[in-house]
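Enquirer: Handing over final-v7.txt, compact mmCIF, C-alpha atoms and all ligand atoms.
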```txt
# COMPACT_ATOMS: atom_id res chain seq x y z
CA MET O 1 -33.14 -9.04 -17.16
CA ALA O 2 -29.83 -8.66 -19.00
CA GLU O 3 -27.86 -10.36 -16.23
CA ARG O 4 -29.93 -13.52 -16.61
CA ASN O 5 -28.79 -13.94 -20.22
CA GLU O 6 -25.15 -13.35 -19.30
CA ALA O 7 -25.51 -15.76 -16.43
CA ALA O 8 -26.98 -18.46 -18.63
CA ILE O 9 -23.96 -18.23 -20.90
CA ALA O 10 -21.59 -18.28 -17.94
CA THR O 11 -23.04 -21.39 -16.38
CA THR O 12 -23.67 -23.76 -19.27
CA GLU O 13 -20.48 -25.68 -18.46
CA THR O 14 -20.39 -25.26 -14.72
CA GLY O 15 -23.57 -26.73 -13.35
CA ARG O 16 -26.54 -25.29 -11.60
CA THR O 17 -27.24 -21.59 -11.70
CA VAL O 18 -26.96 -19.95 -8.30
CA ARG O 19 -29.44 -17.22 -7.42
CA ILE O 20 -27.82 -14.45 -5.45
CA ALA O 21 -29.76 -11.71 -3.69
CA ALA O 22 -27.61 -8.63 -3.12
CA VAL O 23 -28.39 -5.50 -1.13
CA GLY O 24 -26.30 -2.81 0.51
CA ASP O 25 -26.62 0.04 2.95
CA LEU O 26 -29.12 -1.40 5.39
CA HIS O 27 -27.85 1.20 7.93
CA VAL O 28 -29.42 -0.66 10.84
CA GLN O 29 -30.11 1.74 13.74
CA GLU O 30 -30.76 1.20 17.42
CA ASP O 31 -34.06 3.07 17.39
CA ALA O 32 -35.29 2.03 13.93
CA GLN O 33 -38.99 1.28 13.69
CA ALA O 34 -38.72 -1.20 10.83
CA SER O 35 -36.70 -4.40 11.06
CA CYS O 36 -35.16 -6.36 8.19
CA ARG O 37 -36.79 -9.62 9.25
CA ASP O 38 -39.50 -9.70 6.60
CA LEU O 39 -36.99 -8.74 3.92
CA PHE O 40 -34.66 -11.58 4.94
CA ARG O 41 -37.57 -14.04 5.01
CA GLU O 42 -38.56 -13.00 1.47
CA ILE O 43 -34.97 -13.21 0.21
CA SER O 44 -34.60 -16.70 1.69
CA ARG O 45 -37.49 -17.84 -0.52
CA GLU O 46 -36.13 -16.10 -3.64
CA ALA O 47 -32.39 -16.81 -3.54
CA ASP O 48 -29.68 -19.35 -2.67
CA VAL O 49 -27.26 -16.85 -1.13
CA LEU O 50 -27.65 -13.36 0.38
CA VAL O 51 -24.88 -10.81 -0.19
CA LEU O 52 -24.68 -7.61 1.89
CA THR O 53 -22.47 -4.86 0.44
CA GLY O 54 -21.56 -2.87 3.55
CA ASP O 55 -22.95 -0.06 5.70
CA LEU O 56 -24.65 -2.86 7.57
CA THR O 57 -24.96 -0.55 10.58
CA ASN O 58 -25.62 3.18 10.66
CA LEU O 59 -22.96 4.24 13.17
CA GLY O 60 -20.88 1.11 13.62
CA LYS O 61 -22.26 0.46 17.11
CA PRO O 62 -22.13 -3.08 18.49
CA ARG O 63 -25.79 -2.76 19.50
CA GLU O 64 -26.73 -2.07 15.87
CA ALA O 65 -24.82 -5.18 14.81
CA GLU O 66 -26.66 -7.19 17.46
CA ILE O 67 -30.01 -6.02 16.06
CA LEU O 68 -28.93 -7.04 12.56
CA ALA O 69 -27.66 -10.40 13.84
CA GLU O 70 -31.02 -10.97 15.50
CA ASP O 71 -32.90 -10.06 12.29
CA LEU O 72 -30.67 -12.43 10.31
CA ARG O 73 -32.13 -15.33 12.29
CA THR O 74 -35.02 -15.19 9.80
CA CYS O 75 -32.56 -15.68 6.93
CA THR O 76 -32.28 -19.38 6.13
CA ILE O 77 -29.68 -19.11 3.34
CA PRO O 78 -25.92 -18.43 3.60
CA VAL O 79 -24.98 -14.75 4.08
CA VAL O 80 -21.83 -13.15 2.64
CA ALA O 81 -20.95 -9.55 3.56
CA VAL O 82 -18.35 -6.81 3.52
CA LEU O 83 -18.26 -3.82 5.87
CA GLY O 84 -18.82 -0.21 4.80
CA ASN O 85 -17.48 3.13 6.02
CA HIS O 86 -20.42 3.55 8.43
CA ASP O 87 -19.44 0.30 10.15
CA TYR O 88 -16.18 2.00 11.20
CA GLU O 89 -17.73 5.17 12.61
CA SER O 90 -17.74 4.27 16.33
CA GLY O 91 -14.25 2.75 16.43
CA ALA O 92 -15.78 -0.63 17.32
CA VAL O 93 -15.34 -2.38 14.01
CA GLU O 94 -13.79 -5.50 15.58
CA ASP O 95 -16.80 -5.90 17.87
CA VAL O 96 -19.20 -5.36 14.96
CA ALA O 97 -17.35 -7.95 12.87
CA HIS O 98 -17.27 -10.44 15.75
CA ILE O 99 -21.02 -10.14 16.36
CA LEU O 100 -21.80 -10.73 12.70
CA ARG O 101 -19.38 -13.66 12.38
CA GLN O 102 -20.92 -15.22 15.50
CA ALA O 103 -24.28 -14.93 13.72
CA GLY O 104 -22.88 -17.03 10.88
CA VAL O 105 -22.15 -14.26 8.37
CA HIS O 106 -19.24 -14.94 6.00
CA LEU O 107 -17.72 -11.50 6.57
CA LEU O 108 -15.05 -10.91 3.94
CA ASP O 109 -12.22 -8.41 4.35
CA GLY O 110 -9.66 -9.47 1.81
CA GLN O 111 -10.69 -13.11 1.76
CA THR O 112 -12.63 -15.48 -0.44
CA THR O 113 -15.26 -18.07 0.40
CA GLU O 114 -16.88 -20.71 -1.78
CA ILE O 115 -20.61 -21.43 -1.61
CA LYS O 116 -22.46 -23.65 -4.09
CA GLN O 117 -19.47 -23.67 -6.45
CA VAL O 118 -19.35 -19.87 -6.62
CA GLY O 119 -16.34 -17.98 -5.27
CA PHE O 120 -17.21 -14.86 -3.29
CA VAL O 121 -14.36 -12.35 -2.96
CA GLY O 122 -14.84 -9.36 -0.68
CA VAL O 123 -13.11 -6.16 0.33
CA LYS O 124 -14.56 -2.84 1.42
CA GLY O 125 -12.58 -0.79 -1.09
CA PHE O 126 -11.88 2.91 -0.58
CA VAL O 127 -12.17 6.40 -2.08
CA GLY O 128 -9.92 8.02 -4.68
CA GLY O 129 -11.93 8.82 -7.79
CA PHE O 130 -12.12 7.50 -11.27
CA GLY O 131 -10.20 7.19 -14.53
CA SER O 132 -7.56 9.76 -15.38
CA ARG O 133 -8.93 12.03 -12.61
CA MET O 134 -8.05 9.59 -9.84
CA LEU O 135 -6.22 11.11 -6.88
CA GLY O 136 -2.47 10.59 -7.28
CA SER O 137 0.19 10.07 -4.63
CA PHE O 138 1.62 13.60 -4.58
CA GLY O 139 2.18 16.36 -2.04
CA GLU O 140 1.27 16.18 1.62
CA PRO O 141 1.70 12.99 3.64
CA ALA O 142 -2.05 12.99 4.33
CA ILE O 143 -2.83 12.79 0.61
CA LYS O 144 -0.23 10.07 0.14
CA ALA O 145 -1.71 8.10 3.03
CA MET O 146 -5.14 8.33 1.45
CA VAL O 147 -3.87 7.05 -1.90
CA ALA O 148 -1.89 4.32 -0.15
CA GLU O 149 -5.07 3.10 1.55
CA SER O 150 -6.83 2.96 -1.82
CA VAL O 151 -3.92 1.02 -3.37
CA SER O 152 -3.83 -1.29 -0.37
CA GLU O 153 -7.50 -2.22 -0.75
CA SER O 154 -6.91 -3.05 -4.42
CA MET O 155 -3.91 -5.20 -3.53
CA ARG O 156 -5.94 -7.04 -0.92
CA LEU O 157 -8.60 -7.66 -3.56
CA GLU O 158 -5.91 -8.97 -5.90
CA ASN O 159 -4.51 -11.32 -3.26
CA ALA O 160 -8.00 -12.65 -2.51
CA MET O 161 -8.72 -13.13 -6.23
CA ARG O 162 -5.62 -15.31 -6.48
CA GLN O 163 -7.16 -17.70 -3.94
CA VAL O 164 -10.27 -18.35 -6.06
CA ARG O 165 -10.55 -21.88 -7.41
CA THR O 166 -14.08 -21.70 -8.83
CA GLU O 167 -15.23 -21.09 -12.40
CA ARG O 168 -17.74 -18.49 -11.25
CA THR O 169 -16.75 -15.51 -9.10
CA LEU O 170 -18.71 -12.68 -7.52
CA VAL O 171 -16.71 -9.68 -6.28
CA VAL O 172 -18.33 -7.97 -3.29
CA LEU O 173 -17.36 -4.35 -2.50
CA HIS O 174 -18.73 -1.40 -0.61
CA TYR O 175 -17.13 1.37 -2.68
CA ALA O 176 -17.78 1.63 -6.41
CA PRO O 177 -15.15 0.35 -8.87
CA VAL O 178 -16.54 2.35 -11.82
CA VAL O 179 -17.96 5.81 -12.29
CA GLU O 180 -21.05 4.65 -14.22
CA THR O 181 -22.90 3.30 -11.19
CA VAL O 182 -22.40 6.47 -9.11
CA ALA O 183 -24.04 8.66 -11.76
CA GLY O 184 -26.87 10.56 -10.12
CA GLU O 185 -24.85 11.48 -7.06
CA PRO O 186 -23.55 15.09 -6.83
CA LEU O 187 -20.47 15.43 -9.05
CA GLU O 188 -18.58 17.02 -6.15
CA ILE O 189 -18.57 13.76 -4.18
CA PHE O 190 -17.68 11.31 -6.97
CA PRO O 191 -14.06 10.95 -5.72
CA PHE O 192 -15.41 9.82 -2.32
CA LEU O 193 -17.65 7.12 -3.77
CA GLY O 194 -15.04 4.72 -5.04
CA SER O 195 -11.92 4.12 -7.05
CA SER O 196 -11.03 2.86 -10.52
CA ARG O 197 -8.09 1.03 -8.93
CA LEU O 198 -10.62 -1.64 -7.92
CA ALA O 199 -11.76 -2.10 -11.53
CA GLU O 200 -8.15 -2.28 -12.74
CA THR O 201 -7.63 -5.20 -10.37
CA ILE O 202 -10.93 -6.87 -11.27
CA ASP O 203 -10.08 -6.73 -14.97
CA ARG O 204 -6.96 -8.82 -14.43
CA PHE O 205 -9.21 -11.78 -13.57
CA LYS O 206 -12.24 -13.62 -14.90
CA VAL O 207 -15.17 -12.31 -12.89
CA SER O 208 -18.86 -13.19 -13.31
CA ALA O 209 -20.14 -9.97 -11.72
CA VAL O 210 -19.33 -7.24 -9.21
CA VAL O 211 -21.72 -5.81 -6.61
CA HIS O 212 -21.22 -2.71 -4.48
CA GLY O 213 -23.17 -0.19 -2.43
CA HIS O 214 -22.33 3.23 -0.87
CA ALA O 215 -23.70 5.36 -3.75
CA HIS O 216 -27.29 5.61 -2.50
CA ARG O 217 -28.28 7.91 -5.36
CA GLY O 218 -26.37 6.07 -8.05
CA VAL O 219 -27.68 3.76 -10.76
CA TYR O 220 -27.98 0.00 -10.86
CA GLU O 221 -25.91 -1.15 -13.78
CA GLY O 222 -22.44 -0.51 -15.18
CA ARG O 223 -19.43 -2.34 -16.51
CA THR O 224 -15.67 -2.31 -15.92
CA PRO O 225 -13.47 -1.22 -18.85
CA GLY O 226 -12.68 -4.94 -19.31
CA GLY O 227 -16.39 -5.81 -19.53
CA ALA O 228 -17.26 -7.26 -16.11
CA PRO O 229 -20.85 -6.40 -15.15
CA VAL O 230 -21.11 -4.10 -12.11
CA TYR O 231 -24.27 -3.63 -10.05
CA ASN O 232 -24.87 -0.91 -7.48
CA VAL O 233 -27.18 -2.72 -5.07
CA ALA O 234 -27.50 0.01 -2.43
CA MET O 235 -30.95 -0.43 -0.93
CA HIS O 236 -32.16 2.93 -2.25
CA VAL O 237 -31.21 2.29 -5.90
CA ALA O 238 -34.02 1.19 -8.24
CA LYS O 239 -33.51 -2.38 -9.46
CA PRO O 240 -35.12 -4.67 -12.06
CA THR O 241 -36.68 -6.70 -9.23
CA GLY O 242 -38.66 -3.66 -8.04
CA ARG O 243 -37.47 -4.71 -4.58
CA PRO O 244 -34.67 -3.30 -2.34
CA TYR O 245 -32.43 -6.22 -3.37
CA ALA O 246 -31.06 -7.32 -6.72
CA LEU O 247 -31.30 -10.89 -7.95
CA LEU O 248 -28.37 -12.17 -9.95
CA GLU O 249 -28.10 -15.60 -11.49
CA ILE O 250 -24.53 -16.77 -11.94
FE FE A 1 -24.54 3.81 2.89
FE FE A 2 -21.04 3.91 2.62
```
Go ahead and render the structure in this file as structure tokens.
Expert:
Amino acid sequence: MAERNEAAIATTETGRTVRIAAVGDLHVQEDAQASCRDLFREISREADVLVLTGDLTNLGKPREAEILAEDLRTCTIPVVAVLGNHDYESGAVEDVAHILRQAGVHLLDGQTTEIKQVGFVGVKGFVGGFGSRMLGSFGEPAIKAMVAESVSESMRLENAMRQVRTERTLVVLHYAPVVETVAGEPLEIFPFLGSSRLAETIDRFKVSAVVHGHAHRGVYEGRTPGGAPVYNVAMHVAKPTGRPYALLEI
């Protein structure tokens, strides 16, 4: 896998390689037939850290978060996560976050955490579109509010990046920072899948890799304009592992 080679270069001076399993968009439901327990057991054997890139629940219900928290009992490695738009749907995001934090999840929302000498920086991100076609702050207050939210998420990412003290850094997002990894989705919804403002922020720092979800029909691999590798790890996206999760070595 390409990321293994990059990772080897990145870690020659910084100690042991850390294996990170990353998956997004579990969309845990109250009445789901399948649980994530076997998946978490498998990941615990394969990786040192599990990263979840949002849409942890399907409708943001506390009961869904409780089911996920229960399933995570089979996960024996540290878990880092960000929330996704679905986790906000029921207006109970604080309860959802509390349940997951009580279960030991390092839930990041503009913060950073260090595990095994890797800095994990997480924000959800927001919509807005990509490149020169990004939505600008013009016209109705509702449009300006939308752009302000997108800018705010990027600023929160920047503030969190400034806290990082590690050589190796993984940025964890829900929304996409580049257009490449949403390719395959309908063109009409590209502006709702992420924002280049996130990549502009990322490129001001030294970042080992970026993972995101949200674009279920996107593609696995991309890169920021500054060269940081970006991986869309939404569960439904085909990955080199042939499994629902990606394995990154950084
Ligand atoms: Fe999703
Ligand atoms: Fe989403």
Enquirer: If we count all atoms listed in the file, what is near Ala160 in chain O at a cut-off of 9 Å, once residues fewer than 4 positions away on the same chain are taken out, given as a VMD selection string?
Expert: chain O and resid 110 to 112 121 to 123 155 to 156 164
Enquirer: Of the candidates O:Ala176, O:Ile115, O:Val127, O:Ile202, which shows the shortest atom-to-atom distance to Ser150 in chain O, using only C-alpha atoms?
Expert: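 Using only C-alpha atoms, Ser150 in chain O sits closest to O:Val127.
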Enquirer: With all atoms listed in the file as the counted atoms, please give the residues lying no more than 8 Å from range 58-64 of chain O, apart from itself and same-chain residues fewer than 5 positions off, as a list in words.
Expert: Leu26, His27, Val28, Gln29, Glu30, His86, Asp87, Tyr88, Glu89, Ser90, Gly91, Ala92, Val93, Asp95, Val96 and Ile99 of chain O
Enquirer: Hey, can you pull every residue with an atom no more than 6 Å from (-6.3, -0.7, -5.2), using all atoms listed in the file, and send it as an NGL selection string?
Expert: :O and (150-155 or 197-198)
Enquirer: Collect all residues with atoms no farther than 8 Å from ligand FE 1 (chain A), counting all atoms listed in the file, and output them as an NGL selection string.
Expert: :O and (24-27 or 54-55 or 58 or 84-86 or 213-216 or 234)
